[in-house]
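So this one's upload-v6.txt, compact mmCIF, N, CA and C atoms:
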```txt
# COMPACT_ATOMS: atom_id res chain seq x y z
N MET A 1 2.06 20.32 0.00
CA MET A 1 1.05 19.31 -0.29
C MET A 1 1.59 17.92 0.02
N SER A 2 0.73 16.97 -0.06
CA SER A 2 1.01 15.57 0.28
C SER A 2 1.91 14.89 -0.74
N ILE A 3 2.37 13.70 -0.37
CA ILE A 3 3.07 12.82 -1.31
C ILE A 3 2.27 11.52 -1.42
N VAL A 4 2.40 10.88 -2.56
CA VAL A 4 1.71 9.62 -2.83
C VAL A 4 2.75 8.55 -3.13
N LYS A 5 2.55 7.38 -2.54
CA LYS A 5 3.37 6.21 -2.83
C LYS A 5 2.45 5.14 -3.39
N ILE A 6 2.80 4.60 -4.54
CA ILE A 6 2.02 3.53 -5.15
C ILE A 6 2.93 2.33 -5.30
N ASN A 7 2.55 1.23 -4.66
CA ASN A 7 3.30 -0.01 -4.78
C ASN A 7 2.58 -0.86 -5.82
N ALA A 8 3.22 -1.08 -6.96
CA ALA A 8 2.65 -1.90 -8.03
C ALA A 8 3.07 -3.35 -7.79
N LEU A 9 2.09 -4.20 -7.47
CA LEU A 9 2.34 -5.60 -7.13
C LEU A 9 1.88 -6.52 -8.25
N THR A 10 2.78 -7.28 -8.82
CA THR A 10 2.40 -8.28 -9.82
C THR A 10 1.90 -9.51 -9.07
N VAL A 11 0.64 -9.89 -9.33
CA VAL A 11 0.00 -10.96 -8.57
C VAL A 11 -0.56 -12.00 -9.54
N PRO A 12 -0.03 -13.22 -9.52
CA PRO A 12 -0.59 -14.28 -10.36
C PRO A 12 -2.06 -14.51 -10.01
N ALA A 13 -2.86 -14.90 -10.98
CA ALA A 13 -4.30 -15.07 -10.79
C ALA A 13 -4.63 -15.95 -9.60
N GLU A 14 -3.86 -17.02 -9.40
CA GLU A 14 -4.16 -17.95 -8.30
C GLU A 14 -3.82 -17.38 -6.92
N GLN A 15 -3.14 -16.22 -6.87
CA GLN A 15 -2.76 -15.61 -5.60
C GLN A 15 -3.59 -14.38 -5.25
N ARG A 16 -4.50 -13.97 -6.15
CA ARG A 16 -5.28 -12.75 -5.91
C ARG A 16 -6.05 -12.81 -4.59
N GLU A 17 -6.75 -13.89 -4.37
CA GLU A 17 -7.56 -14.01 -3.15
C GLU A 17 -6.67 -13.98 -1.91
N VAL A 18 -5.51 -14.62 -1.99
CA VAL A 18 -4.57 -14.63 -0.87
C VAL A 18 -4.12 -13.20 -0.56
N LEU A 19 -3.74 -12.45 -1.59
CA LEU A 19 -3.29 -11.08 -1.38
C LEU A 19 -4.39 -10.24 -0.75
N GLU A 20 -5.60 -10.34 -1.27
CA GLU A 20 -6.70 -9.54 -0.75
C GLU A 20 -7.02 -9.90 0.70
N GLN A 21 -6.96 -11.19 1.02
CA GLN A 21 -7.21 -11.62 2.41
C GLN A 21 -6.13 -11.09 3.34
N ARG A 22 -4.89 -11.10 2.89
CA ARG A 22 -3.80 -10.59 3.73
C ARG A 22 -3.97 -9.11 4.01
N PHE A 23 -4.36 -8.34 2.99
CA PHE A 23 -4.60 -6.92 3.23
C PHE A 23 -5.80 -6.71 4.14
N ALA A 24 -6.86 -7.51 3.96
CA ALA A 24 -8.06 -7.37 4.79
C ALA A 24 -7.76 -7.67 6.26
N SER A 25 -6.84 -8.58 6.52
CA SER A 25 -6.56 -8.97 7.91
C SER A 25 -5.31 -8.29 8.47
N ARG A 26 -4.76 -7.33 7.75
CA ARG A 26 -3.55 -6.66 8.22
C ARG A 26 -3.80 -5.96 9.54
N ALA A 27 -2.75 -5.76 10.28
CA ALA A 27 -2.86 -5.22 11.63
C ALA A 27 -3.46 -3.82 11.65
N GLY A 28 -3.31 -3.06 10.56
CA GLY A 28 -3.86 -1.71 10.52
C GLY A 28 -2.95 -0.65 11.11
N ALA A 29 -1.70 -0.98 11.32
CA ALA A 29 -0.77 -0.04 11.94
C ALA A 29 -0.61 1.23 11.11
N VAL A 30 -0.76 1.14 9.80
CA VAL A 30 -0.57 2.33 8.97
C VAL A 30 -1.58 3.42 9.30
N GLU A 31 -2.80 3.05 9.64
CA GLU A 31 -3.83 4.05 9.91
C GLU A 31 -3.50 4.94 11.10
N GLY A 32 -2.73 4.44 12.04
CA GLY A 32 -2.35 5.22 13.21
C GLY A 32 -1.02 5.92 13.07
N SER A 33 -0.38 5.78 11.93
CA SER A 33 0.95 6.36 11.75
C SER A 33 0.88 7.87 11.54
N ASP A 34 1.82 8.56 12.15
CA ASP A 34 1.89 10.01 12.01
C ASP A 34 2.08 10.39 10.55
N GLY A 35 1.25 11.29 10.07
CA GLY A 35 1.37 11.76 8.69
C GLY A 35 0.60 10.94 7.67
N PHE A 36 0.04 9.80 8.06
CA PHE A 36 -0.74 8.98 7.14
C PHE A 36 -2.04 9.68 6.80
N GLU A 37 -2.40 9.68 5.50
CA GLU A 37 -3.62 10.36 5.07
C GLU A 37 -4.62 9.43 4.37
N TRP A 38 -4.16 8.41 3.63
CA TRP A 38 -5.11 7.61 2.86
C TRP A 38 -4.48 6.29 2.42
N PHE A 39 -5.31 5.27 2.27
CA PHE A 39 -4.90 3.96 1.76
C PHE A 39 -5.99 3.43 0.84
N GLU A 40 -5.59 2.80 -0.25
CA GLU A 40 -6.50 2.05 -1.12
C GLU A 40 -5.75 0.88 -1.72
N LEU A 41 -6.40 -0.28 -1.78
CA LEU A 41 -5.88 -1.43 -2.51
C LEU A 41 -6.73 -1.51 -3.78
N LEU A 42 -6.09 -1.39 -4.93
CA LEU A 42 -6.79 -1.37 -6.21
C LEU A 42 -6.59 -2.68 -6.95
N ARG A 43 -7.70 -3.37 -7.24
CA ARG A 43 -7.67 -4.65 -7.95
C ARG A 43 -7.75 -4.38 -9.46
N PRO A 44 -6.90 -5.04 -10.25
CA PRO A 44 -6.97 -4.85 -11.70
C PRO A 44 -8.27 -5.44 -12.27
N VAL A 45 -8.83 -4.75 -13.24
CA VAL A 45 -10.06 -5.21 -13.86
C VAL A 45 -9.76 -5.88 -15.20
N GLU A 46 -8.86 -5.28 -15.97
CA GLU A 46 -8.50 -5.87 -17.25
C GLU A 46 -7.15 -5.31 -17.72
N GLY A 47 -6.46 -6.09 -18.51
CA GLY A 47 -5.25 -5.63 -19.16
C GLY A 47 -3.96 -5.69 -18.34
N THR A 48 -4.04 -6.13 -17.09
CA THR A 48 -2.83 -6.20 -16.27
C THR A 48 -3.05 -7.19 -15.13
N ASP A 49 -1.95 -7.67 -14.58
CA ASP A 49 -2.02 -8.52 -13.39
C ASP A 49 -1.45 -7.78 -12.18
N GLN A 50 -1.37 -6.45 -12.27
CA GLN A 50 -0.80 -5.66 -11.18
C GLN A 50 -1.89 -5.03 -10.32
N TYR A 51 -1.79 -5.29 -9.02
CA TYR A 51 -2.57 -4.57 -8.03
C TYR A 51 -1.80 -3.30 -7.71
N LEU A 52 -2.51 -2.25 -7.34
CA LEU A 52 -1.85 -1.03 -6.89
C LEU A 52 -2.22 -0.77 -5.44
N VAL A 53 -1.20 -0.55 -4.62
CA VAL A 53 -1.41 -0.18 -3.23
C VAL A 53 -1.10 1.32 -3.15
N TYR A 54 -2.16 2.11 -2.96
CA TYR A 54 -2.06 3.56 -2.96
C TYR A 54 -2.05 4.06 -1.52
N THR A 55 -1.02 4.81 -1.15
CA THR A 55 -1.02 5.49 0.14
C THR A 55 -0.65 6.95 -0.08
N ARG A 56 -1.23 7.80 0.74
CA ARG A 56 -0.93 9.24 0.69
C ARG A 56 -0.44 9.65 2.07
N TRP A 57 0.61 10.48 2.08
CA TRP A 57 1.29 10.89 3.31
C TRP A 57 1.47 12.40 3.34
N ARG A 58 1.54 12.95 4.54
CA ARG A 58 1.76 14.38 4.72
C ARG A 58 3.13 14.79 4.17
N SER A 59 4.14 13.91 4.33
CA SER A 59 5.50 14.25 3.88
C SER A 59 6.29 12.98 3.61
N GLU A 60 7.39 13.14 2.90
CA GLU A 60 8.32 12.02 2.66
C GLU A 60 8.89 11.52 3.98
N GLU A 61 9.14 12.43 4.91
CA GLU A 61 9.69 12.05 6.21
C GLU A 61 8.72 11.15 6.98
N ASP A 62 7.42 11.46 6.92
CA ASP A 62 6.42 10.62 7.59
C ASP A 62 6.38 9.22 6.96
N PHE A 63 6.44 9.16 5.64
CA PHE A 63 6.46 7.87 4.96
C PHE A 63 7.69 7.06 5.36
N GLN A 64 8.86 7.70 5.37
CA GLN A 64 10.09 6.99 5.71
C GLN A 64 10.07 6.50 7.16
N ALA A 65 9.49 7.30 8.06
CA ALA A 65 9.38 6.87 9.47
C ALA A 65 8.51 5.63 9.57
N TRP A 66 7.42 5.57 8.81
CA TRP A 66 6.57 4.38 8.80
C TRP A 66 7.33 3.19 8.21
N MET A 67 8.06 3.42 7.11
CA MET A 67 8.83 2.34 6.46
C MET A 67 9.86 1.75 7.42
N GLU A 68 10.53 2.58 8.20
CA GLU A 68 11.58 2.11 9.10
C GLU A 68 11.05 1.58 10.42
N GLY A 69 9.79 1.86 10.72
CA GLY A 69 9.19 1.41 11.97
C GLY A 69 8.17 0.31 11.76
N PRO A 70 6.88 0.66 11.79
CA PRO A 70 5.82 -0.35 11.73
C PRO A 70 5.86 -1.26 10.49
N MET A 71 6.12 -0.69 9.32
CA MET A 71 6.13 -1.52 8.11
C MET A 71 7.28 -2.52 8.14
N LYS A 72 8.44 -2.08 8.54
CA LYS A 72 9.61 -2.97 8.59
C LYS A 72 9.38 -4.11 9.59
N ALA A 73 8.83 -3.77 10.75
CA ALA A 73 8.56 -4.78 11.76
C ALA A 73 7.55 -5.80 11.26
N ALA A 74 6.49 -5.34 10.59
CA ALA A 74 5.46 -6.25 10.09
C ALA A 74 6.00 -7.19 9.02
N HIS A 75 6.89 -6.69 8.16
CA HIS A 75 7.40 -7.52 7.07
C HIS A 75 8.58 -8.39 7.49
N GLN A 76 9.09 -8.18 8.70
CA GLN A 76 10.16 -9.04 9.21
C GLN A 76 9.61 -10.05 10.21
N GLY A 77 8.30 -10.18 10.23
CA GLY A 77 7.69 -11.14 11.13
C GLY A 77 7.28 -10.52 12.45
N GLY A 78 7.50 -9.23 12.63
CA GLY A 78 7.12 -8.57 13.86
C GLY A 78 5.66 -8.18 13.90
N GLY A 79 4.93 -8.51 12.82
CA GLY A 79 3.52 -8.16 12.76
C GLY A 79 2.66 -9.09 13.57
N GLY A 80 3.24 -10.09 14.16
CA GLY A 80 2.50 -10.97 15.04
C GLY A 80 1.89 -12.15 14.33
N GLY A 81 2.46 -13.25 14.35
CA GLY A 81 1.86 -14.46 13.82
C GLY A 81 1.83 -15.46 14.95
N ALA A 82 0.94 -16.41 14.89
CA ALA A 82 0.82 -17.39 15.97
C ALA A 82 2.05 -18.28 16.02
N GLY A 83 2.68 -18.32 17.14
CA GLY A 83 3.76 -19.27 17.38
C GLY A 83 5.08 -18.95 16.72
N GLY A 84 5.18 -17.83 15.98
CA GLY A 84 6.44 -17.48 15.36
C GLY A 84 6.90 -18.50 14.34
N GLY A 85 5.98 -19.18 13.68
CA GLY A 85 6.32 -20.21 12.71
C GLY A 85 6.85 -19.65 11.41
N GLU A 86 6.89 -20.48 10.42
CA GLU A 86 7.41 -20.12 9.11
C GLU A 86 6.54 -19.05 8.46
N ARG A 87 7.20 -18.08 7.82
CA ARG A 87 6.48 -17.01 7.14
C ARG A 87 5.77 -17.57 5.91
N PRO A 88 4.56 -17.07 5.60
CA PRO A 88 3.84 -17.56 4.43
C PRO A 88 4.53 -17.14 3.14
N LYS A 89 4.28 -17.91 2.09
CA LYS A 89 4.82 -17.63 0.77
C LYS A 89 4.27 -16.29 0.27
N PRO A 90 5.11 -15.46 -0.36
CA PRO A 90 4.62 -14.19 -0.89
C PRO A 90 3.50 -14.42 -1.92
N ALA A 91 2.53 -13.52 -1.92
CA ALA A 91 1.43 -13.60 -2.89
C ALA A 91 1.79 -12.89 -4.19
N THR A 92 2.89 -12.15 -4.18
CA THR A 92 3.29 -11.39 -5.36
C THR A 92 4.54 -12.00 -6.00
N SER A 93 4.68 -11.76 -7.29
CA SER A 93 5.89 -12.23 -7.97
C SER A 93 6.86 -11.08 -8.26
N ALA A 94 6.39 -9.83 -8.14
CA ALA A 94 7.24 -8.66 -8.34
C ALA A 94 6.57 -7.45 -7.72
N SER A 95 7.38 -6.43 -7.45
CA SER A 95 6.87 -5.22 -6.81
C SER A 95 7.76 -4.04 -7.18
N SER A 96 7.15 -2.88 -7.37
CA SER A 96 7.93 -1.65 -7.54
C SER A 96 7.13 -0.51 -6.93
N VAL A 97 7.86 0.45 -6.33
CA VAL A 97 7.22 1.58 -5.67
C VAL A 97 7.41 2.82 -6.53
N TRP A 98 6.30 3.51 -6.77
CA TRP A 98 6.30 4.77 -7.52
C TRP A 98 6.04 5.89 -6.53
N SER A 99 6.73 7.02 -6.69
CA SER A 99 6.56 8.16 -5.79
C SER A 99 6.10 9.39 -6.57
N PHE A 100 5.15 10.12 -5.98
CA PHE A 100 4.59 11.31 -6.61
C PHE A 100 4.39 12.39 -5.57
N GLU A 101 4.48 13.65 -6.00
CA GLU A 101 4.06 14.77 -5.18
C GLU A 101 2.70 15.21 -5.68
N VAL A 102 1.80 15.53 -4.77
CA VAL A 102 0.50 16.05 -5.15
C VAL A 102 0.67 17.52 -5.47
N VAL A 103 0.38 17.91 -6.71
CA VAL A 103 0.52 19.31 -7.11
C VAL A 103 -0.85 19.97 -7.33
N GLN A 104 -1.87 19.17 -7.54
CA GLN A 104 -3.24 19.67 -7.64
C GLN A 104 -4.17 18.60 -7.11
N GLN A 105 -5.28 19.03 -6.54
CA GLN A 105 -6.28 18.08 -6.09
C GLN A 105 -7.64 18.76 -6.10
N ALA A 106 -8.68 17.96 -6.14
CA ALA A 106 -10.05 18.47 -6.12
C ALA A 106 -10.92 17.48 -5.38
N ALA A 107 -11.95 17.98 -4.76
CA ALA A 107 -12.94 17.14 -4.08
C ALA A 107 -14.31 17.52 -4.63
N PRO A 108 -15.30 16.67 -4.46
CA PRO A 108 -16.64 17.02 -4.93
C PRO A 108 -17.13 18.31 -4.28
N LYS A 109 -17.87 19.10 -5.04
CA LYS A 109 -18.44 20.33 -4.49
C LYS A 109 -19.54 19.98 -3.50
N GLN A 110 -19.58 20.69 -2.41
CA GLN A 110 -20.61 20.50 -1.41
C GLN A 110 -21.81 21.36 -1.76
N ALA A 111 -23.00 20.77 -1.68
CA ALA A 111 -24.22 21.50 -2.04
C ALA A 111 -24.59 22.51 -0.99
```
Kindly transcribe the structure held in the file into structure tokens.
Amino acid sequence: MSIVKINALTVPAEQREVLEQRFASRAGAVEGSDGFEWFELLRPVEGTDQYLVYTRWRSEEDFQAWMEGPMKAAHQGGGGGAGGGERPKPATSASSVWSFEVVQQAAPKQA
């Protein structure tokens, strides 16, 4: 079965819109990555200032290949910015990655 990676991002209230805009305008390289299955950006509704970035992968190896390739390039400035200028200030104040194996899953029943 698949693996799930959840990046818990602590985002100050004044940076929420910035974070969401950055995800909306991202290059989209993850969608074409081998083994990629799903992505969701989850906005907190109450009780926390943490956004969750949910991705699901076919295997740990596929996730690691993405981390060492497209993701690393994008976060080192290889994601393409105009003129190679100064990198923008991070929208998050903290981050941690949680890893899970999918052991059960269900989908809606088809009529």
Query raised in the report: Looking only at the backbone, which of the residues in chain A does DSSP tag as strand (DSSP E), as a VMD selection string?
Result: chain A and resid 3 to 10 36 to 42 50 to 57 94 to 101
Report task. Could you tell me which of A:Ala74, A:Glu17, A:Gly35, A:Met1 comes closest to Asp62 (chain A) if we count all atoms listed in the file? Result -> A:Gly35
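Note that the spacing between CA of Lys5 (chain A) and atom N of Trp98 (chain A) amounts to 5.6 Å.
Take the candidates A:Ser99, A:Met71, A:Val18, A:Ala107 and check each one against Val30 (chain A) using only N, CA and C atoms; the shortest distance goes to A:Met71.
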Report task. Mind checking which residues fall within 9 Å of Ser2 (chain A), counting only C-alpha atoms, ignoring those fewer than 6 positions away in the same chain, and posting them as an MDAnalysis selection string? Result -> chainID A and resid 37 56:60 100:103
Report task. Return as JSON, numbers by chain the full set of residues in region 26-66 of chain A whose backbone-based DSSP assignment is alpha helix (DSSP H). Result -> {"A": [60, 61, 62, 63, 64, 65, 66]}
Query raised in the report: A:Phe39, A:Pro44, A:Ala8, A:Gly28: which is nearest Val97 (chain A), counting all atoms listed in the file?
Result: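 Ranking A:Phe39, A:Pro44, A:Ala8, A:Gly28 by distance to Val97 (chain A), first place goes to A:Ala8.
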Report summary line: As a check of understanding: the span from CA of Ala94 (chain A) to CA of Leu9 (chain A) is 5.9 Å
Query raised in the report: Of the candidates A:Ala29, A:Leu41, A:Ile3, A:Leu19, which shows the shortest atom-to-atom distance to Tyr54 (chain A), using only C-alpha atoms?
Result: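 When distances to Tyr54 (chain A) are compared using only C-alpha atoms, the smallest one comes from A:Leu41.
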Report task. Can you work out the spacing between atom C of Ile6 (chain A) and CA of Ser96 (chain A) in Å, to one decimal? Result ->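 Atom-to-atom, atom C of Ile6 (chain A) to CA of Ser96 (chain A), that is 6.8 Å.
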Let me know the centre plus edge lengths, in Å and rounded to one decimal, of a box with edges along x, y and z that contains all listed atoms of region 89-98 of chain A and is padded by 8 Å on every side, as AutoDock Vina command-line options.
```
--center_x 4.7 --center_y -6.0 --center_z -3.1 --size_x 22.5 --size_y 39.8 --size_z 26.4
```
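Closest approach to Val45 (chain A) from the set A:Ala91, A:Ala65, A:Ala13, A:Ala24 is made by A:Ala13, with distances taken over only C-alpha atoms.
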Requested in this report: Go through A:Gln104, A:Gln64, A:Gln50, A:Pro70 one by one, measure the shortest atom-to-atom distance of each to Glu31 (chain A) using only C-alpha atoms, and give the residue with the smallest value.
Outcome: A:Pro70
Please return region 12-29 of chain A, rebuilt to N, CA, C and O atoms, as a compact mmCIF listing (two decimals), in the coordinates of the input.
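To be explicit, this is the file written out as out_13.txt:
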```txt
# COMPACT_ATOMS: atom_id res chain seq x y z
N PRO A 12 -0.03 -13.22 -9.52
CA PRO A 12 -0.59 -14.28 -10.36
C PRO A 12 -2.06 -14.51 -10.01
O PRO A 12 -2.47 -14.33 -8.85
N ALA A 13 -2.86 -14.90 -10.98
CA ALA A 13 -4.30 -15.07 -10.79
C ALA A 13 -4.63 -15.95 -9.60
O ALA A 13 -5.54 -15.65 -8.82
N GLU A 14 -3.86 -17.02 -9.40
CA GLU A 14 -4.16 -17.95 -8.30
C GLU A 14 -3.82 -17.38 -6.92
O GLU A 14 -4.18 -17.95 -5.90
N GLN A 15 -3.14 -16.22 -6.87
CA GLN A 15 -2.76 -15.61 -5.60
C GLN A 15 -3.59 -14.38 -5.25
O GLN A 15 -3.42 -13.80 -4.18
N ARG A 16 -4.50 -13.97 -6.15
CA ARG A 16 -5.28 -12.75 -5.91
C ARG A 16 -6.05 -12.81 -4.59
O ARG A 16 -6.03 -11.87 -3.81
N GLU A 17 -6.75 -13.89 -4.37
CA GLU A 17 -7.56 -14.01 -3.15
C GLU A 17 -6.67 -13.98 -1.91
O GLU A 17 -7.01 -13.35 -0.91
N VAL A 18 -5.51 -14.62 -1.99
CA VAL A 18 -4.57 -14.63 -0.87
C VAL A 18 -4.12 -13.20 -0.56
O VAL A 18 -4.13 -12.77 0.60
N LEU A 19 -3.74 -12.45 -1.59
CA LEU A 19 -3.29 -11.08 -1.38
C LEU A 19 -4.39 -10.24 -0.75
O LEU A 19 -4.15 -9.52 0.23
N GLU A 20 -5.60 -10.34 -1.27
CA GLU A 20 -6.70 -9.54 -0.75
C GLU A 20 -7.02 -9.90 0.70
O GLU A 20 -7.29 -9.03 1.52
N GLN A 21 -6.96 -11.19 1.02
CA GLN A 21 -7.21 -11.62 2.41
C GLN A 21 -6.13 -11.09 3.34
O GLN A 21 -6.41 -10.67 4.46
N ARG A 22 -4.89 -11.10 2.89
CA ARG A 22 -3.80 -10.59 3.73
C ARG A 22 -3.97 -9.11 4.01
O ARG A 22 -3.76 -8.65 5.13
N PHE A 23 -4.36 -8.34 2.99
CA PHE A 23 -4.60 -6.92 3.23
C PHE A 23 -5.80 -6.71 4.14
O PHE A 23 -5.78 -5.84 5.00
N ALA A 24 -6.86 -7.51 3.96
CA ALA A 24 -8.06 -7.37 4.79
C ALA A 24 -7.76 -7.67 6.26
O ALA A 24 -8.36 -7.06 7.15
N SER A 25 -6.84 -8.58 6.52
CA SER A 25 -6.56 -8.97 7.91
C SER A 25 -5.31 -8.29 8.47
O SER A 25 -4.87 -8.64 9.56
N ARG A 26 -4.76 -7.33 7.75
CA ARG A 26 -3.55 -6.66 8.22
C ARG A 26 -3.80 -5.96 9.54
O ARG A 26 -4.91 -5.60 9.88
N ALA A 27 -2.75 -5.76 10.28
CA ALA A 27 -2.86 -5.22 11.63
C ALA A 27 -3.46 -3.82 11.65
O ALA A 27 -4.05 -3.41 12.62
N GLY A 28 -3.31 -3.06 10.56
CA GLY A 28 -3.86 -1.71 10.52
C GLY A 28 -2.95 -0.65 11.11
O GLY A 28 -3.39 0.46 11.37
N ALA A 29 -1.70 -0.98 11.32
CA ALA A 29 -0.77 -0.04 11.94
C ALA A 29 -0.61 1.23 11.11
O ALA A 29 -0.35 2.30 11.65
```
